[in-house]
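So this block is final-v6.tsv, TSV, C-alpha atoms and all ligand atoms:
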```tsv
chain	number	residue	atom	x	y	z
N	294	MET	CA	54.63	88.36	216.09
N	295	ASN	CA	55.28	87.56	219.74
N	296	LEU	CA	53.80	90.08	222.17
N	297	ILE	CA	53.68	90.55	225.93
N	298	PHE	CA	50.73	92.38	227.48
N	299	PHE	CA	52.01	93.70	230.77
N	300	GLY	CA	50.43	95.63	233.62
N	301	PRO	CA	48.90	95.35	237.08
N	302	PRO	CA	45.84	93.19	237.77
N	303	GLY	CA	42.84	95.13	236.53
N	304	ALA	CA	44.72	96.91	233.73
N	305	GLY	CA	42.52	95.04	231.26
N	306	LYS	CA	45.26	92.85	229.71
N	307	GLY	CA	42.89	89.94	229.18
N	308	SER	CA	40.20	92.05	227.50
N	309	TYR	CA	42.69	93.62	225.10
N	310	ALA	CA	44.48	90.34	224.41
N	311	SER	CA	41.29	88.45	223.53
N	312	ARG	CA	40.29	91.13	221.00
N	313	ILE	CA	43.76	91.53	219.49
N	314	SER	CA	44.05	87.74	219.27
N	315	VAL	CA	40.96	87.59	217.04
N	316	ARG	CA	42.03	90.59	214.95
N	317	TYR	CA	45.52	89.20	214.15
N	318	GLY	CA	44.83	85.47	214.34
N	319	ILE	CA	47.36	84.67	217.05
N	320	PRO	CA	46.53	82.86	220.30
N	321	HIS	CA	45.94	84.67	223.58
N	322	ILE	CA	47.89	82.85	226.26
N	323	SER	CA	46.91	83.75	229.81
N	324	THR	CA	48.82	81.89	232.52
N	325	GLY	CA	45.98	82.78	234.91
N	326	ASP	CA	43.47	81.07	232.56
N	327	LEU	CA	45.77	78.04	232.17
N	328	PHE	CA	45.91	77.69	235.96
N	329	ARG	CA	42.14	78.14	236.31
N	330	LYS	CA	41.61	75.36	233.75
N	331	GLU	CA	43.81	73.06	235.81
N	332	ILE	CA	41.97	74.05	239.01
N	333	LYS	CA	38.60	73.32	237.41
N	334	ALA	CA	39.82	69.90	236.24
N	335	GLN	CA	41.18	69.29	239.77
N	336	THR	CA	44.57	68.13	238.50
N	337	GLU	CA	47.60	67.95	240.81
N	338	LEU	CA	48.95	71.11	239.15
N	339	GLY	CA	45.57	72.80	239.67
N	340	LYS	CA	45.44	71.93	243.37
N	341	LEU	CA	48.96	73.21	243.90
N	342	ALA	CA	48.33	76.42	241.92
N	343	ASP	CA	45.08	77.08	243.79
N	344	SER	CA	46.88	77.06	247.13
N	345	TYR	CA	48.81	80.15	245.94
N	346	ILE	CA	46.21	81.85	243.74
N	347	SER	CA	43.41	81.90	246.31
N	348	LYS	CA	45.74	83.79	248.65
N	349	GLY	CA	46.73	86.34	246.02
N	350	ARG	CA	50.29	84.98	245.83
N	351	LEU	CA	52.29	84.02	242.75
N	352	VAL	CA	52.61	80.39	241.75
N	353	PRO	CA	56.34	79.39	241.96
N	354	ASP	CA	58.42	80.27	238.88
N	355	GLN	CA	59.43	76.74	237.88
N	356	ILE	CA	55.86	75.44	237.80
N	357	THR	CA	54.67	78.47	235.85
N	358	VAL	CA	57.53	78.42	233.34
N	359	ASP	CA	57.10	74.67	232.66
N	360	MET	CA	53.38	75.12	232.01
N	361	LEU	CA	53.97	78.12	229.72
N	362	LYS	CA	56.73	76.43	227.69
N	363	LYS	CA	54.44	73.49	227.05
N	364	ARG	CA	51.72	75.83	225.78
N	365	ILE	CA	54.06	77.84	223.53
N	366	ALA	CA	55.31	74.60	221.96
N	367	GLU	CA	51.82	73.91	220.57
N	368	SER	CA	51.41	74.36	216.82
N	369	ASP	CA	49.02	77.35	216.96
N	370	CYS	CA	51.84	79.47	218.40
N	371	LYS	CA	54.02	79.16	215.29
N	372	LYS	CA	52.67	82.42	213.82
N	373	GLY	CA	53.00	84.23	217.12
N	374	PHE	CA	51.17	84.72	220.41
N	375	ILE	CA	50.12	87.23	223.03
N	376	LEU	CA	51.29	86.54	226.57
N	377	ASP	CA	48.92	87.87	229.23
N	378	GLY	CA	50.13	87.62	232.82
N	379	PHE	CA	53.55	86.19	231.96
N	380	PRO	CA	56.30	86.97	232.88
N	381	ARG	CA	55.50	88.21	236.36
N	382	THR	CA	58.97	87.99	237.94
N	383	ILE	CA	62.51	88.76	236.79
N	384	PRO	CA	63.50	85.04	236.85
N	385	GLN	CA	60.52	84.24	234.58
N	386	ALA	CA	61.62	86.97	232.13
N	387	GLU	CA	65.20	85.71	232.20
N	388	THR	CA	64.09	82.14	231.50
N	389	LEU	CA	61.97	83.33	228.59
N	390	GLU	CA	64.91	85.28	227.20
N	391	LYS	CA	67.30	82.36	227.57
N	392	SER	CA	64.87	79.98	225.88
N	393	GLY	CA	65.51	81.83	222.62
N	394	ILE	CA	61.87	82.84	222.10
N	395	LYS	CA	62.08	86.33	220.64
N	396	ILE	CA	59.63	88.90	221.97
N	397	ASP	CA	58.82	91.70	219.52
N	398	LYS	CA	57.09	94.14	221.82
N	399	VAL	CA	56.02	94.56	225.44
N	400	PHE	CA	52.84	96.62	225.89
N	401	ASN	CA	52.89	98.22	229.33
N	402	PHE	CA	49.32	99.12	230.31
N	403	VAL	CA	49.42	101.98	232.79
N	404	VAL	CA	46.44	102.47	235.09
N	405	THR	CA	45.73	104.28	238.38
N	406	ASN	CA	45.19	102.39	241.65
N	407	GLU	CA	41.61	103.73	241.93
N	408	LYS	CA	40.74	102.31	238.51
N	409	ILE	CA	42.26	98.93	239.43
N	410	ILE	CA	40.17	98.62	242.57
N	411	GLU	CA	37.00	99.73	240.75
N	412	ARG	CA	37.57	97.20	237.95
N	413	LEU	CA	38.56	94.18	240.02
N	414	GLY	CA	36.12	94.77	242.87
N	415	GLY	CA	33.12	94.83	240.51
N	416	ARG	CA	33.98	91.68	238.58
N	417	ARG	CA	31.63	88.70	238.62
N	418	THR	CA	32.32	85.33	236.98
N	419	CYS	CA	29.83	82.70	235.85
N	420	SER	CA	30.24	79.50	237.85
N	421	LYS	CA	29.09	77.43	234.87
N	422	CYS	CA	30.61	78.87	231.67
N	423	GLY	CA	33.26	81.27	233.03
N	424	ALA	CA	31.84	84.40	231.33
N	425	ILE	CA	32.96	87.61	233.00
N	426	TYR	CA	30.71	90.53	233.96
N	427	HIS	CA	31.20	93.82	235.75
N	428	LEU	CA	28.62	95.40	238.08
N	429	LYS	CA	29.21	98.83	236.53
N	430	ASN	CA	30.75	98.36	233.09
N	431	LEU	CA	29.13	95.12	231.92
N	432	PRO	CA	26.23	94.15	234.22
N	433	PRO	CA	24.23	90.97	233.55
N	434	LYS	CA	20.58	91.45	232.55
N	435	VAL	CA	19.42	89.74	235.75
N	436	GLU	CA	21.46	90.37	238.89
N	437	GLY	CA	23.64	87.42	239.85
N	438	ILE	CA	22.71	85.33	236.79
N	439	CYS	CA	24.73	84.71	233.60
N	440	ASP	CA	23.08	86.06	230.41
N	441	LYS	CA	24.61	83.28	228.32
N	442	CYS	CA	23.88	80.10	230.28
N	443	GLY	CA	21.82	81.03	233.34
N	444	GLY	CA	24.65	80.00	235.68
N	445	LYS	CA	25.14	81.70	239.05
N	446	LEU	CA	27.65	84.57	239.17
N	447	PHE	CA	30.24	84.64	241.92
N	448	VAL	CA	33.25	86.65	243.13
N	449	ARG	CA	36.51	84.80	242.51
N	450	ASP	CA	38.55	84.26	245.69
N	451	ASP	CA	41.35	86.33	244.20
N	452	GLU	CA	38.93	89.20	243.52
N	453	LYS	CA	37.82	89.65	247.14
N	454	PRO	CA	38.96	93.00	248.61
N	455	GLU	CA	41.64	91.60	250.93
N	456	THR	CA	43.11	89.44	248.15
N	457	ILE	CA	43.09	92.35	245.68
N	458	LYS	CA	45.20	94.32	248.16
N	459	GLN	CA	47.65	91.42	248.42
N	460	ARG	CA	47.83	91.05	244.61
N	461	LEU	CA	48.65	94.74	244.19
N	462	GLU	CA	51.39	94.40	246.79
N	463	VAL	CA	52.82	91.38	244.95
N	464	TYR	CA	52.65	93.30	241.66
N	465	LYS	CA	54.57	96.22	243.12
N	466	ASN	CA	57.28	94.08	244.68
N	467	GLN	CA	57.75	91.24	242.21
N	468	THR	CA	56.29	92.25	238.86
N	469	GLU	CA	56.77	95.99	238.44
N	470	PRO	CA	60.60	95.66	238.31
N	471	LEU	CA	60.10	94.00	234.92
N	472	ILE	CA	59.33	97.41	233.43
N	473	GLY	CA	62.98	98.36	234.01
N	474	PHE	CA	64.10	94.98	232.62
N	475	TYR	CA	62.28	95.50	229.33
N	476	ARG	CA	62.90	99.25	229.14
N	477	LYS	CA	66.62	98.58	229.23
N	478	ARG	CA	66.11	96.31	226.22
N	479	LYS	CA	64.03	99.03	224.48
N	480	MET	CA	61.12	96.65	224.08
N	481	ILE	CA	58.45	98.56	225.99
N	482	VAL	CA	55.68	100.76	224.73
N	483	ASP	CA	53.50	102.47	227.36
N	484	VAL	CA	49.74	102.61	226.82
N	485	ASP	CA	47.34	104.63	229.00
N	486	ALA	CA	44.82	101.98	230.13
N	487	ASN	CA	42.52	104.26	232.14
N	488	PRO	CA	39.97	104.81	229.33
N	489	GLU	CA	37.40	102.18	228.33
N	490	VAL	CA	38.45	99.02	226.47
N	491	LYS	CA	36.98	100.15	223.17
N	492	ALA	CA	39.16	103.28	223.18
N	493	ILE	CA	42.33	101.32	223.85
N	494	ILE	CA	42.04	98.66	221.13
N	495	PRO	CA	42.69	101.12	218.23
N	496	VAL	CA	45.76	102.43	220.07
N	497	ILE	CA	47.17	98.89	220.31
N	498	GLU	CA	46.30	98.13	216.68
N	499	LYS	CA	48.07	101.27	215.49
N	500	ILE	CA	51.25	100.27	217.31
N	501	ILE	CA	51.10	96.70	215.97
N	502	ASP	CA	50.47	97.87	212.41
N	503	SER	CA	53.51	100.13	212.60
N	504	MET	CA	55.79	97.30	213.75
I	1	LIG	P1	45.56	86.49	236.32
I	1	LIG	O1	44.32	85.90	235.78
I	1	LIG	O2	46.61	86.78	235.26
I	1	LIG	O3	45.33	87.68	237.20
I	1	LIG	O4	46.23	85.36	237.25
I	1	LIG	C1	45.56	84.86	238.38
I	1	LIG	C2	46.55	84.31	239.37
I	1	LIG	O5	47.29	83.23	238.77
I	1	LIG	C3	47.63	85.29	239.82
I	1	LIG	O6	47.18	86.14	240.87
I	1	LIG	C4	48.73	84.34	240.27
I	1	LIG	O7	48.44	83.78	241.54
I	1	LIG	C5	48.64	83.22	239.24
I	1	LIG	N1	49.53	83.50	238.09
I	1	LIG	C6	49.17	83.84	236.82
I	1	LIG	N2	50.25	84.05	236.06
I	1	LIG	C7	51.33	83.84	236.84
I	1	LIG	C8	52.74	83.94	236.64
I	1	LIG	N3	53.26	84.30	235.46
I	1	LIG	N4	53.55	83.63	237.70
I	1	LIG	C9	53.05	83.26	238.89
I	1	LIG	N5	51.73	83.19	239.16
I	1	LIG	C10	50.87	83.47	238.15
```

Go through the file and emit its structure as structure tokens.
Amino acid sequence: MNLIFFGPPGAGKGSYASRISVRYGIPHISTGDLFRKEIKAQTELGKLADSYISKGRLVPDQITVDMLKKRIAESDCKKGFILDGFPRTIPQAETLEKSGIKIDKVFNFVVTNEKIIERLGGRRTCSKCGAIYHLKNLPPKVEGICDKCGGKLFVRDDEKPETIKQRLEVYKNQTEPLIGFYRKRKMIVDVDANPEVKAIIPVIEKIIDSM
């Protein structure tokens, strides 16, 4: 079962994917997380990716596709996988299609602009363990401090207001056209992603179970 979780930044793709991954025993592959791992390890790839990510721009297709193909080739992907944040451009989708990897379903998470800004603007990340909080929806017990490890919470560069605006612009111009690409192939199912995470998971599960 190979799935794509698609939608604008802040649609909640990562939250849904991590839960569905556990429920169905297939890996959650987030290209954003893969890049952040490289950035943290200060690899050449990480340094290059960071120069785009911190400005709210997309990392070039070739670099992203190479990294993703390597990940999909790992043995835990044999039973299937959930792609979160890939593809983000038409050329990425075309490369995926040409590579012969069959995608069973594309979940398109639909969310209003107001919700996106509320969700992304309130996010805080632990500088030590990477845990994610939200000022309104999932606040830490002590302000600015991680519940799990005591690390300091910070706002990711790509979650600062001016970068969020840029990311939404990039989504509209480069990523949204993929909806048409997959609709033409009758692979898309739309899911209203405005409600809370816990209301959306059963909707996704119902669709998967009917596949
Ligand atoms: P995310 O965590 O999915 O929001 O990704 C964080 C950032 O990583 C994005 O804003 C992009 O700069 C970069 N990124 C993630 N996935 C891709 C992709 N498929 N193509 C290009 N850049 C990506």

Find the residues near ligand LIG 1 (chain I). Use a cut-off of 9 Å, count only C-alpha atoms and all ligand atoms, and write them as an MDAnalysis selection string.
chainID N and resid 301:303 306:307 323:329 342:354 356:358 361 377:382 385 451 456:457 460 463

Range 498-500 of chain N surroundings by all atoms listed in the file, 8 Å radius, close-in-sequence under 4 positions cut, as a VMD selection string:
chain N and resid 313 494 504

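When all atoms listed in the file are used to measure the gap to Ser314 in chain N, the shortest distance among N:Glu462, N:Glu436, N:Asp397, N:Asp369 belongs to N:Asp369.
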
Length of the CA of Leu341 in chain N to CA of Ser420 in chain N vector [Å]
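Straight-line distance from CA of Leu341 in chain N to CA of Ser420 in chain N works out to 20.7 Å.
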
I need the residue nearest Glu455 in chain N from this list: N:Asn487, N:Gly414, N:Met480, N:Cys422. Use all atoms listed in the file for the distance.
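Closest to Glu455 in chain N, using all atoms listed in the file: N:Gly414.
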
First collect every listed atom of range 467-480 of chain N; then fit an axis-aligned box around them, widen it by 5 Å on each side, and give centre and edge lengths in Å to one decimal, as lines of an AutoDock Vina configuration file.
```
center_x = 61.5
center_y = 95.2
center_z = 233.1
size_x = 20.3
size_y = 18.0
size_z = 28.1
```

What gap, in Å, lies between CA of Asn430 in chain N and CA of Gly300 in chain N?
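If I compute the distance from CA of Asn430 in chain N to CA of Gly300 in chain N, I get 19.9 Å.
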
Can you measure CA of Lys408 in chain N to CA of Pro488 in chain N for me? One decimal in Å is fine.
9.5 Å

Nearest to Asn401 in chain N by atom-to-atom distance, counting all atoms listed in the file, from N:Leu471, N:Asp359, N:Arg316, N:Glu489
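Looking at the shortest contact to Asn401 in chain N, the residue is N:Leu471.
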
Go through N:Gly373, N:Val315, N:Ala386, N:Ile365 one by one, measure the shortest atom-to-atom distance of each to Thr468 in chain N using all atoms listed in the file, and give the residue with the smallest value.
N:Ala386

From N:Leu338, N:Met360, N:Ala492, N:Val482, residue lying nearest Lys398 in chain N [only C-alpha atoms]
N:Val482

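Using only C-alpha atoms, the nearest neighbour of Ile375 in chain N within the list N:His427, N:Lys465, N:Pro320, N:Ser503 is N:Pro320.
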
Residues within 10 Å of range 439-441 of chain N, only C-alpha atoms, excluding chain neighbours under 2 positions, as an NGL selection string
:N and (417-426 or 432-437 or 443-447)

Ref. answer, residues at most 8 Å from (49.3, 79.2, 212.7) with only C-alpha atoms, as JSON, numbers by chain
{"N": [318, 319, 368, 369, 370, 371, 372, 373]}
